[in-house]
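Colleague: Provided herewith is a single structure, encoded as structure tokens, for subsequent inquiry.
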Number of protein chains: 2
Amino acid sequence: MRSVPAQIAIKLHQALPLIAEQGLEQTKIDEIADTTGVPKATLYYYFSGKEEILAFLFEDMLTAIADEAKVAMEIEGTSADRLTAVVGVQIRRLVENRDLSAALVGDLGRVTRSSALVESLQAAFYSPIESLLIEGAADGSLRDTGNPMLGSMAVIGPVIISVLMTAIVPPDADEPDDDVAGDLIAIILSGLLPRG
Amino acid sequence: MRSVPAQIAIKLHQALPLIAEQGLEQTKIDEIADTTGVPKATLYYYFSGKEEILAFLFEDMLTAIADEAKVAMEIEGTSADRLTAVVGVQIRRLVENRDLSAALVGDLGRVTRSSALVESLQAAFYSPIESLLIEGAADGSLRDTGNPMLGSMAVIGPVIISVLMTAIVPPDADEPDDDVAGDLIAIILSGLLPRG
DNA sequence: GTCTATAAAGAGATAGAC
DNA sequence: GTCTATCTCTTTATAGAC
């Protein structure tokens, strides 16, 4: 894959609503060319096929999330605060890239078959959270669940699924979007049992 | 779709490792015929195509989960107990059908494009949990998060993601499987903050 | 880098006999 | 219900000029 000019990278995003809606399988490369205005021959010049196009866009977003998460992991406060910040970053970016996220979550199988993408997913979602859980258990600001992996799943799972839901629901829902991230992390932190 | 003989339904499961591994898109209907021993002509006799074959298997499992969940929702104890039971059912069935679950989670986009499957998913996962959260908030055995939908996501998300993980990891991992369901629901119930 | 045209192969789906 | 054979169509991907 040759280095992709920014000009083209931007245009590629225009194909995402299509891909999100009907899946990559049903999206013909001619449609991508038509929708984005990038000639098919040019697409093949830069990419080996449509899988690589989508993977490129995934990588783009995941790298951005990973970078931002790294920053969020350094803020002042308790581990819980940092965890809240990281989850906020993740959700915000996912929601901002609604269609790309829908394509990502809707085609997790494809993603998990690419080791490069799996690594990017880990760097963006799993690793930051696992680190913070371990850190928090050590300094006492988070409960020690005894299983950082399961704990991480308990955080990432809701994030992914809630994004999937918002991504599925047609965009007409111009609900104020409230503070999904905040509400979600509050539930995750406090749990579902009544507090004593 | 004609009513599928049990004989054939059973054989179809033999194609699942293949589908789980390479995705339905990459799985040729000839492969399904070869692997299951069901002649291709017979497959077309009962199904309109490979999508319908997979959807049939999904429905099968989801219906079983929904039925069992309905039972679990009636057991004695607190709402939290019932929630634990329901999640236990869900995880157990998913893990038992490892490859089918991998196919399901790996191709959520396809699933969400079928309204029948979306309804089955809701009946198996979302509805039971949402009911219990509402019930628990009312009788005080669960915290009132003010948003049953978000609360449900906080439960279902970890379930789905943890199953995805175990489904991705090669089966060589004959780890005792411990009590994933129990550990997971404990974390979800108690939250990640230290208890006072 | 982009165009037009085309190869060419794959795979889904069916026909029609048994 | 199952078999063999085949059709047909789509879609990827490339060739070669500009």
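Chain labels run A, B, ... following the order of the structure tokens; each chain numbers its residues from 1, and ligands are numbered from 1 in the order shown.
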Show me, as a list in words, the residues of chain D whose atoms get within 10 Å of chain B, using only C-alpha atoms (C1' of nucleotides) for the distance check.
Modeller: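 On the chain D side, the interface is DG1, DT2 and DC3 of chain D.
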Colleague: Please return, as a JSON list (two decimals) with all heavy atoms, in the first residue's frame, all residues of chain A lying within 8 Å of chain B when only C-alpha atoms are considered.
Modeller:
[["chain", "number", "residue", "atom", "x", "y", "z"],
["A", 22, "GLN", "N", -24.74, -1.06, 4.41],
["A", 22, "GLN", "CA", -24.93, -2.33, 3.70],
["A", 22, "GLN", "C", -23.79, -3.31, 3.88],
["A", 22, "GLN", "O", -23.85, -4.42, 3.37],
["A", 22, "GLN", "CB", -25.16, -2.05, 2.21],
["A", 22, "GLN", "CG", -24.01, -1.33, 1.54],
["A", 22, "GLN", "CD", -24.37, -0.90, 0.12],
["A", 22, "GLN", "OE1", -25.54, -0.81, -0.24],
["A", 22, "GLN", "NE2", -23.37, -0.61, -0.69],
["A", 23, "GLY", "N", -22.78, -2.90, 4.62],
["A", 23, "GLY", "CA", -21.66, -3.80, 4.84],
["A", 23, "GLY", "C", -20.67, -3.73, 3.69],
["A", 23, "GLY", "O", -21.03, -3.41, 2.56],
["A", 25, "GLU", "N", -19.14, -6.12, 2.24],
["A", 25, "GLU", "CA", -19.36, -7.21, 1.29],
["A", 25, "GLU", "C", -20.28, -6.75, 0.16],
["A", 25, "GLU", "O", -20.04, -7.04, -1.01],
["A", 25, "GLU", "CB", -19.98, -8.41, 2.02],
["A", 25, "GLU", "CG", -20.24, -9.60, 1.12],
["A", 25, "GLU", "CD", -20.93, -10.73, 1.89],
["A", 25, "GLU", "OE1", -21.12, -10.59, 3.11],
["A", 25, "GLU", "OE2", -21.29, -11.73, 1.26],
["A", 80, "ALA", "N", -9.47, 6.40, 38.91],
["A", 80, "ALA", "CA", -10.85, 6.44, 38.44],
["A", 80, "ALA", "C", -11.06, 7.65, 37.52],
["A", 80, "ALA", "O", -11.75, 7.55, 36.50],
["A", 80, "ALA", "CB", -11.81, 6.51, 39.63],
["A", 102, "ALA", "N", -19.67, 2.06, 13.08],
["A", 102, "ALA", "CA", -20.66, 1.05, 12.73],
["A", 102, "ALA", "C", -20.03, -0.02, 11.85],
["A", 102, "ALA", "O", -20.27, -1.22, 12.03],
["A", 102, "ALA", "CB", -21.84, 1.70, 12.02],
["A", 103, "ALA", "N", -19.21, 0.42, 10.92],
["A", 103, "ALA", "CA", -18.53, -0.54, 10.04],
["A", 103, "ALA", "C", -17.58, -1.41, 10.84],
["A", 103, "ALA", "O", -17.47, -2.62, 10.59],
["A", 103, "ALA", "CB", -17.78, 0.20, 8.94],
["A", 105, "VAL", "N", -17.66, -2.16, 14.21],
["A", 105, "VAL", "CA", -18.33, -3.07, 15.13],
["A", 105, "VAL", "C", -19.17, -4.09, 14.36],
["A", 105, "VAL", "O", -19.33, -5.23, 14.78],
["A", 105, "VAL", "CB", -19.21, -2.30, 16.12],
["A", 105, "VAL", "CG1", -19.89, -3.25, 17.09],
["A", 105, "VAL", "CG2", -18.39, -1.28, 16.88],
["A", 106, "GLY", "N", -19.69, -3.66, 13.23],
["A", 106, "GLY", "CA", -20.53, -4.55, 12.45],
["A", 106, "GLY", "C", -19.75, -5.62, 11.73],
["A", 106, "GLY", "O", -20.30, -6.60, 11.25],
["A", 107, "ASP", "N", -18.45, -5.43, 11.68],
["A", 107, "ASP", "CA", -17.63, -6.39, 10.95],
["A", 107, "ASP", "C", -16.42, -6.79, 11.77],
["A", 107, "ASP", "O", -15.31, -6.89, 11.26],
["A", 107, "ASP", "CB", -17.19, -5.75, 9.63],
["A", 107, "ASP", "CG", -17.13, -6.78, 8.50],
["A", 107, "ASP", "OD1", -17.23, -7.98, 8.80],
["A", 107, "ASP", "OD2", -16.95, -6.38, 7.34],
["A", 108, "LEU", "N", -16.68, -7.06, 13.04],
["A", 108, "LEU", "CA", -15.58, -7.40, 13.95],
["A", 108, "LEU", "C", -14.83, -8.63, 13.49],
["A", 108, "LEU", "O", -13.64, -8.77, 13.73],
["A", 108, "LEU", "CB", -16.14, -7.62, 15.36],
["A", 108, "LEU", "CG", -16.30, -6.36, 16.21],
["A", 108, "LEU", "CD1", -16.94, -6.69, 17.55],
["A", 108, "LEU", "CD2", -14.94, -5.70, 16.42],
["A", 109, "GLY", "N", -15.53, -9.52, 12.83],
["A", 109, "GLY", "CA", -14.88, -10.73, 12.35],
["A", 109, "GLY", "C", -13.74, -10.39, 11.40],
["A", 109, "GLY", "O", -12.63, -10.89, 11.53],
["A", 110, "ARG", "N", -14.04, -9.52, 10.46],
["A", 110, "ARG", "CA", -13.01, -9.10, 9.53],
["A", 110, "ARG", "C", -11.84, -8.47, 10.27],
["A", 110, "ARG", "O", -10.67, -8.74, 9.98],
["A", 110, "ARG", "CB", -13.59, -8.09, 8.54],
["A", 110, "ARG", "CG", -12.63, -7.67, 7.44],
["A", 110, "ARG", "CD", -13.21, -6.53, 6.62],
["A", 110, "ARG", "NE", -14.52, -6.84, 6.07],
["A", 110, "ARG", "CZ", -14.71, -7.53, 4.97],
["A", 110, "ARG", "NH1", -13.67, -7.97, 4.29],
["A", 110, "ARG", "NH2", -15.93, -7.78, 4.53],
["A", 112, "THR", "N", -10.88, -8.92, 13.37],
["A", 112, "THR", "CA", -10.08, -9.85, 14.18],
["A", 112, "THR", "C", -9.24, -10.78, 13.31],
["A", 112, "THR", "O", -8.37, -11.47, 13.82],
["A", 112, "THR", "CB", -10.98, -10.70, 15.09],
["A", 112, "THR", "OG1", -11.93, -11.40, 14.28],
["A", 112, "THR", "CG2", -11.73, -9.82, 16.08],
["A", 113, "ARG", "N", -9.53, -10.80, 12.03],
["A", 113, "ARG", "CA", -8.71, -11.63, 11.14],
["A", 113, "ARG", "C", -7.46, -10.90, 10.66],
["A", 113, "ARG", "O", -6.63, -11.48, 9.97],
["A", 113, "ARG", "CB", -9.56, -12.08, 9.94],
["A", 113, "ARG", "CG", -10.13, -13.47, 10.12],
["A", 113, "ARG", "CD", -11.22, -13.79, 9.11],
["A", 113, "ARG", "NE", -12.51, -13.95, 9.77],
["A", 113, "ARG", "CZ", -13.62, -13.35, 9.41],
["A", 113, "ARG", "NH1", -13.63, -12.52, 8.38],
["A", 113, "ARG", "NH2", -14.73, -13.55, 10.08],
["A", 140, "GLY", "N", -5.36, 1.79, 45.29],
["A", 140, "GLY", "CA", -6.58, 1.74, 46.09],
["A", 140, "GLY", "C", -7.73, 2.58, 45.59],
["A", 140, "GLY", "O", -8.79, 2.59, 46.19],
["A", 141, "SER", "N", -7.54, 3.26, 44.49],
["A", 141, "SER", "CA", -8.63, 4.11, 44.00],
["A", 141, "SER", "C", -9.62, 3.32, 43.16],
["A", 141, "SER", "O", -10.68, 3.83, 42.80],
["A", 141, "SER", "CB", -8.07, 5.30, 43.20],
["A", 141, "SER", "OG", -7.51, 4.86, 41.99],
["A", 142, "LEU", "N", -9.24, 2.09, 42.82],
["A", 142, "LEU", "CA", -10.20, 1.21, 42.16],
["A", 142, "LEU", "C", -10.19, -0.13, 42.88],
["A", 142, "LEU", "O", -9.18, -0.52, 43.48],
["A", 142, "LEU", "CB", -9.84, 1.01, 40.68],
["A", 142, "LEU", "CG", -10.03, 2.21, 39.75],
["A", 142, "LEU", "CD1", -9.49, 1.91, 38.36],
["A", 142, "LEU", "CD2", -11.50, 2.61, 39.68],
["A", 143, "ARG", "N", -11.31, -0.81, 42.79],
["A", 143, "ARG", "CA", -11.41, -2.10, 43.44],
["A", 143, "ARG", "C", -10.53, -3.11, 42.72],
["A", 143, "ARG", "O", -10.41, -3.06, 41.49],
["A", 143, "ARG", "CB", -12.87, -2.55, 43.39],
["A", 143, "ARG", "CG", -13.30, -3.51, 44.46],
["A", 143, "ARG", "CD", -14.81, -3.51, 44.60],
["A", 143, "ARG", "NE", -15.45, -3.84, 43.33],
["A", 143, "ARG", "CZ", -15.62, -5.10, 42.92],
["A", 143, "ARG", "NH1", -15.22, -6.10, 43.65],
["A", 143, "ARG", "NH2", -16.21, -5.33, 41.77],
["A", 144, "ASP", "N", -9.95, -4.01, 43.47],
["A", 144, "ASP", "CA", -9.14, -5.05, 42.84],
["A", 144, "ASP", "C", -10.04, -6.23, 42.51],
["A", 144, "ASP", "O", -10.46, -6.98, 43.38],
["A", 144, "ASP", "CB", -8.04, -5.50, 43.80],
["A", 144, "ASP", "CG", -7.10, -6.48, 43.11],
["A", 144, "ASP", "OD1", -7.38, -6.84, 41.93],
["A", 144, "ASP", "OD2", -6.10, -6.88, 43.72],
["A", 145, "THR", "N", -10.33, -6.37, 41.23],
["A", 145, "THR", "CA", -11.26, -7.44, 40.83],
["A", 145, "THR", "C", -10.53, -8.77, 40.71],
["A", 145, "THR", "O", -11.16, -9.80, 40.51],
["A", 145, "THR", "CB", -11.89, -7.13, 39.47],
["A", 145, "THR", "OG1", -10.87, -7.10, 38.47],
["A", 145, "THR", "CG2", -12.57, -5.77, 39.49],
["A", 150, "LEU", "N", -10.82, -9.48, 32.77],
["A", 150, "LEU", "CA", -12.28, -9.48, 32.88],
["A", 150, "LEU", "C", -12.78, -8.08, 33.23],
["A", 150, "LEU", "O", -13.81, -7.63, 32.71],
["A", 150, "LEU", "CB", -12.70, -10.48, 33.96],
["A", 150, "LEU", "CG", -13.94, -11.33, 33.66],
["A", 150, "LEU", "CD1", -13.87, -11.92, 32.26],
["A", 150, "LEU", "CD2", -14.09, -12.42, 34.70],
["A", 151, "GLY", "N", -12.04, -7.41, 34.08],
["A", 151, "GLY", "CA", -12.40, -6.04, 34.42],
["A", 151, "GLY", "C", -12.41, -5.15, 33.19],
["A", 151, "GLY", "O", -13.33, -4.34, 32.99],
["A", 153, "MET", "N", -12.86, -6.06, 30.16],
["A", 153, "MET", "CA", -14.03, -6.43, 29.34],
["A", 153, "MET", "C", -15.28, -5.75, 29.86],
["A", 153, "MET", "O", -16.15, -5.34, 29.10],
["A", 153, "MET", "CB", -14.25, -7.93, 29.39],
["A", 153, "MET", "CG", -13.12, -8.78, 28.87],
["A", 153, "MET", "SD", -12.93, -8.66, 27.10],
["A", 153, "MET", "CE", -11.63, -7.44, 26.99],
["A", 154, "ALA", "N", -15.35, -5.61, 31.19],
["A", 154, "ALA", "CA", -16.53, -5.00, 31.80],
["A", 154, "ALA", "C", -16.62, -3.52, 31.45],
["A", 154, "ALA", "O", -17.68, -2.91, 31.54],
["A", 154, "ALA", "CB", -16.50, -5.19, 33.31],
["A", 155, "VAL", "N", -15.49, -2.94, 31.08],
["A", 155, "VAL", "CA", -15.49, -1.53, 30.70],
["A", 155, "VAL", "C", -15.68, -1.38, 29.18],
["A", 155, "VAL", "O", -16.51, -0.60, 28.72],
["A", 155, "VAL", "CB", -14.17, -0.84, 31.11],
["A", 155, "VAL", "CG1", -14.17, 0.61, 30.66],
["A", 155, "VAL", "CG2", -13.98, -0.94, 32.61],
["A", 156, "ILE", "N", -14.91, -2.16, 28.45],
["A", 156, "ILE", "CA", -14.94, -2.02, 26.99],
["A", 156, "ILE", "C", -16.26, -2.51, 26.41],
["A", 156, "ILE", "O", -16.79, -1.91, 25.47],
["A", 156, "ILE", "CB", -13.78, -2.83, 26.37],
["A", 156, "ILE", "CG1", -12.45, -2.24, 26.83],
["A", 156, "ILE", "CG2", -13.87, -2.80, 24.85],
["A", 156, "ILE", "CD1", -11.26, -3.09, 26.46],
["A", 157, "GLY", "N", -16.79, -3.57, 26.96],
["A", 157, "GLY", "CA", -18.03, -4.14, 26.45],
["A", 157, "GLY", "C", -19.15, -3.11, 26.33],
["A", 157, "GLY", "O", -19.70, -2.93, 25.24],
["A", 158, "PRO", "N", -19.48, -2.46, 27.42],
["A", 158, "PRO", "CA", -20.54, -1.45, 27.33],
["A", 158, "PRO", "C", -20.23, -0.35, 26.34],
["A", 158, "PRO", "O", -21.12, 0.13, 25.63],
["A", 158, "PRO", "CB", -20.59, -0.89, 28.76],
["A", 158, "PRO", "CG", -20.06, -1.98, 29.61],
["A", 158, "PRO", "CD", -19.03, -2.68, 28.79],
["A", 159, "VAL", "N", -18.98, 0.05, 26.29],
["A", 159, "VAL", "CA", -18.60, 1.11, 25.34],
["A", 159, "VAL", "C", -18.91, 0.68, 23.91],
["A", 159, "VAL", "O", -19.60, 1.38, 23.16],
["A", 159, "VAL", "CB", -17.10, 1.44, 25.47],
["A", 159, "VAL", "CG1", -16.65, 2.38, 24.36],
["A", 159, "VAL", "CG2", -16.81, 2.07, 26.83],
["A", 160, "ILE", "N", -18.43, -0.48, 23.56],
["A", 160, "ILE", "CA", -18.63, -0.98, 22.20],
["A", 160, "ILE", "C", -20.11, -1.16, 21.89],
["A", 160, "ILE", "O", -20.62, -0.71, 20.85],
["A", 160, "ILE", "CB", -17.91, -2.33, 22.01],
["A", 160, "ILE", "CG1", -16.41, -2.16, 22.21],
["A", 160, "ILE", "CG2", -18.21, -2.93, 20.65],
["A", 160, "ILE", "CD1", -15.71, -1.43, 21.12],
["A", 161, "ILE", "N", -20.81, -1.81, 22.77],
["A", 161, "ILE", "CA", -22.21, -2.12, 22.51],
["A", 161, "ILE", "C", -23.06, -0.85, 22.45],
["A", 161, "ILE", "O", -23.93, -0.73, 21.58],
["A", 161, "ILE", "CB", -22.77, -3.06, 23.59],
["A", 161, "ILE", "CG1", -22.05, -4.40, 23.52],
["A", 161, "ILE", "CG2", -24.26, -3.27, 23.39],
["A", 161, "ILE", "CD1", -22.28, -5.18, 22.26],
["A", 162, "SER", "N", -22.79, 0.08, 23.31],
["A", 162, "SER", "CA", -23.61, 1.30, 23.28],
["A", 162, "SER", "C", -23.33, 2.08, 22.00],
["A", 162, "SER", "O", -24.24, 2.68, 21.42],
["A", 162, "SER", "CB", -23.36, 2.15, 24.51],
["A", 162, "SER", "OG", -22.01, 2.53, 24.59],
["A", 168, "ILE", "N", -26.49, 2.04, 15.00],
["A", 168, "ILE", "CA", -27.56, 1.36, 14.26],
["A", 168, "ILE", "C", -28.77, 2.26, 14.13],
["A", 168, "ILE", "O", -29.35, 2.39, 13.06],
["A", 168, "ILE", "CB", -27.97, 0.07, 15.00],
["A", 168, "ILE", "CG1", -26.90, -0.99, 14.86],
["A", 168, "ILE", "CG2", -29.28, -0.45, 14.42],
["A", 168, "ILE", "CD1", -27.18, -2.22, 15.70],
["A", 183, "ASP", "N", -22.58, 8.95, 31.78],
["A", 183, "ASP", "CA", -23.56, 8.07, 32.41],
["A", 183, "ASP", "C", -23.08, 6.63, 32.44],
["A", 183, "ASP", "O", -23.25, 5.91, 33.43],
["A", 183, "ASP", "CB", -24.90, 8.15, 31.64],
["A", 183, "ASP", "CG", -25.55, 9.51, 31.78],
["A", 183, "ASP", "OD1", -25.09, 10.30, 32.64],
["A", 183, "ASP", "OD2", -26.51, 9.79, 31.04],
["A", 184, "LEU", "N", -22.47, 6.24, 31.34],
["A", 184, "LEU", "CA", -22.03, 4.86, 31.22],
["A", 184, "LEU", "C", -20.91, 4.54, 32.21],
["A", 184, "LEU", "O", -20.97, 3.53, 32.93],
["A", 184, "LEU", "CB", -21.57, 4.61, 29.78],
["A", 184, "LEU", "CG", -21.50, 3.16, 29.33],
["A", 184, "LEU", "CD1", -22.82, 2.46, 29.53],
["A", 184, "LEU", "CD2", -21.11, 3.10, 27.85],
["A", 187, "ILE", "N", -22.12, 4.13, 35.71],
["A", 187, "ILE", "CA", -22.72, 2.83, 36.00],
["A", 187, "ILE", "C", -21.64, 1.77, 36.19],
["A", 187, "ILE", "O", -21.69, 0.95, 37.11],
["A", 187, "ILE", "CB", -23.67, 2.40, 34.86],
["A", 187, "ILE", "CG1", -24.87, 3.35, 34.80],
["A", 187, "ILE", "CG2", -24.12, 0.96, 35.04],
["A", 187, "ILE", "CD1", -25.82, 3.07, 33.65],
["A", 188, "ILE", "N", -20.66, 1.82, 35.32],
["A", 188, "ILE", "CA", -19.59, 0.83, 35.39],
["A", 188, "ILE", "C", -18.81, 0.96, 36.70],
["A", 188, "ILE", "O", -18.46, -0.03, 37.33],
["A", 188, "ILE", "CB", -18.63, 0.99, 34.19],
["A", 188, "ILE", "CG1", -19.39, 0.71, 32.88],
["A", 188, "ILE", "CG2", -17.44, 0.07, 34.33],
["A", 188, "ILE", "CD1", -18.61, 1.11, 31.64],
["A", 189, "LEU", "N", -18.56, 2.18, 37.08],
["A", 189, "LEU", "CA", -17.79, 2.40, 38.31],
["A", 189, "LEU", "C", -18.58, 2.01, 39.55],
["A", 189, "LEU", "O", -18.06, 1.38, 40.47],
["A", 189, "LEU", "CB", -17.37, 3.88, 38.41],
["A", 189, "LEU", "CG", -16.26, 4.32, 37.47],
["A", 189, "LEU", "CD1", -16.02, 5.82, 37.60],
["A", 189, "LEU", "CD2", -14.97, 3.57, 37.78],
["A", 190, "SER", "N", -19.85, 2.37, 39.58],
["A", 190, "SER", "CA", -20.63, 2.16, 40.79],
["A", 190, "SER", "C", -21.26, 0.78, 40.86],
["A", 190, "SER", "O", -21.65, 0.33, 41.94],
["A", 190, "SER", "CB", -21.74, 3.21, 40.89],
["A", 190, "SER", "OG", -21.16, 4.50, 40.99],
["A", 191, "GLY", "N", -21.44, 0.14, 39.72],
["A", 191, "GLY", "CA", -22.07, -1.16, 39.72],
["A", 191, "GLY", "C", -23.57, -1.05, 39.82],
["A", 191, "GLY", "O", -24.13, 0.04, 39.89],
["A", 192, "LEU", "N", -24.21, -2.19, 39.83],
["A", 192, "LEU", "CA", -25.67, -2.20, 39.78],
["A", 192, "LEU", "C", -26.31, -2.47, 41.14],
["A", 192, "LEU", "O", -27.51, -2.33, 41.31],
["A", 192, "LEU", "CB", -26.14, -3.25, 38.77],
["A", 192, "LEU", "CG", -25.82, -2.89, 37.32],
["A", 192, "LEU", "CD1", -26.19, -4.04, 36.39],
["A", 192, "LEU", "CD2", -26.55, -1.62, 36.90],
["A", 193, "LEU", "N", -25.50, -2.86, 42.10],
["A", 193, "LEU", "CA", -26.08, -3.08, 43.43],
["A", 193, "LEU", "C", -26.25, -1.74, 44.14],
["A", 193, "LEU", "O", -25.50, -0.80, 43.88],
["A", 193, "LEU", "CB", -25.16, -3.99, 44.25],
["A", 193, "LEU", "CG", -25.12, -5.45, 43.81],
["A", 193, "LEU", "CD1", -24.16, -6.23, 44.71],
["A", 193, "LEU", "CD2", -26.52, -6.07, 43.86],
["A", 194, "PRO", "N", -27.20, -1.66, 45.02],
["A", 194, "PRO", "CA", -27.37, -0.44, 45.80],
["A", 194, "PRO", "C", -26.13, -0.20, 46.66],
["A", 194, "PRO", "O", -25.51, -1.16, 47.13],
["A", 194, "PRO", "CB", -28.59, -0.74, 46.68],
["A", 194, "PRO", "CG", -29.25, -1.91, 46.06],
["A", 194, "PRO", "CD", -28.18, -2.70, 45.38],
["A", 195, "ARG", "N", -25.80, 1.07, 46.82],
["A", 195, "ARG", "CA", -24.65, 1.42, 47.66],
["A", 195, "ARG", "C", -25.07, 1.48, 49.11],
["A", 195, "ARG", "O", -26.12, 2.04, 49.43],
["A", 195, "ARG", "CB", -24.10, 2.78, 47.24],
["A", 195, "ARG", "CG", -23.37, 2.76, 45.92],
["A", 195, "ARG", "CD", -21.87, 2.57, 46.13],
["A", 195, "ARG", "NE", -21.28, 1.94, 44.94],
["A", 195, "ARG", "CZ", -20.00, 1.59, 44.88],
["A", 195, "ARG", "NH1", -19.20, 1.82, 45.91],
["A", 195, "ARG", "NH2", -19.52, 1.01, 43.82],
["A", 196, "GLY", "N", -24.25, 0.96, 49.98],
["A", 196, "GLY", "CA", -24.58, 0.98, 51.40],
["A", 196, "GLY", "C", -24.44, 2.36, 52.01],
["A", 196, "GLY", "O", -23.72, 3.18, 51.52]]
Colleague: For a quick test of understanding: name the residues of chain C lying within 12 Å of chain A when counting only C-alpha atoms (C1' of nucleotides), and present them as a PyMOL selection string.
Modeller: chain C and resi 1-4
Colleague: Write out as a ChimeraX atom specification the set of residues from stretch 57-183 of chain A that DSSP, computed on the backbone, places in alpha helix (DSSP H).
Modeller: /A:57-72,79-96,98-106,108-112,115-121,127-139,148-168,180-183
Colleague: To one decimal in Å, tell me the separation between atom CA of A:Ser131 and atom CA of A:Glu74.
Modeller: 11.6 Å
Colleague: Using only C-alpha atoms (C1' of nucleotides), determine which residues lie at most 10 Å from B:Val71, disregarding the query and same-chain residues fewer than 6 positions distant; provide the list as number ranges by chain.
Modeller: B: 65, 82, 85-86, 89
Colleague: Go ahead and save the picked residues with N, CA and C atoms, as a PDB file, in the first residue's frame.
Modeller:
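Resulting contents of part23.pdb:
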ATOM      1  N   ILE B  65     -31.983 -19.513  24.000  1.00  0.00           N
ATOM      2  CA  ILE B  65     -31.558 -18.621  25.086  1.00  0.00           C
ATOM      3  C   ILE B  65     -32.741 -17.840  25.635  1.00  0.00           C
ATOM      4  N   ARG B  82     -31.866 -13.063  40.123  1.00  0.00           N
ATOM      5  CA  ARG B  82     -32.436 -13.405  38.819  1.00  0.00           C
ATOM      6  C   ARG B  82     -31.553 -12.884  37.685  1.00  0.00           C
ATOM      7  N   ALA B  85     -28.775 -15.188  37.277  1.00  0.00           N
ATOM      8  CA  ALA B  85     -29.214 -16.415  36.604  1.00  0.00           C
ATOM      9  C   ALA B  85     -29.348 -16.200  35.101  1.00  0.00           C
ATOM     10  N   VAL B  86     -29.924 -15.075  34.734  1.00  0.00           N
ATOM     11  CA  VAL B  86     -30.129 -14.799  33.306  1.00  0.00           C
ATOM     12  C   VAL B  86     -28.791 -14.664  32.585  1.00  0.00           C
ATOM     13  N   VAL B  89     -27.233 -18.007  32.086  1.00  0.00           N
ATOM     14  CA  VAL B  89     -27.819 -18.713  30.946  1.00  0.00           C
ATOM     15  C   VAL B  89     -27.217 -18.202  29.640  1.00  0.00           C
TER      16      VAL B  89
END
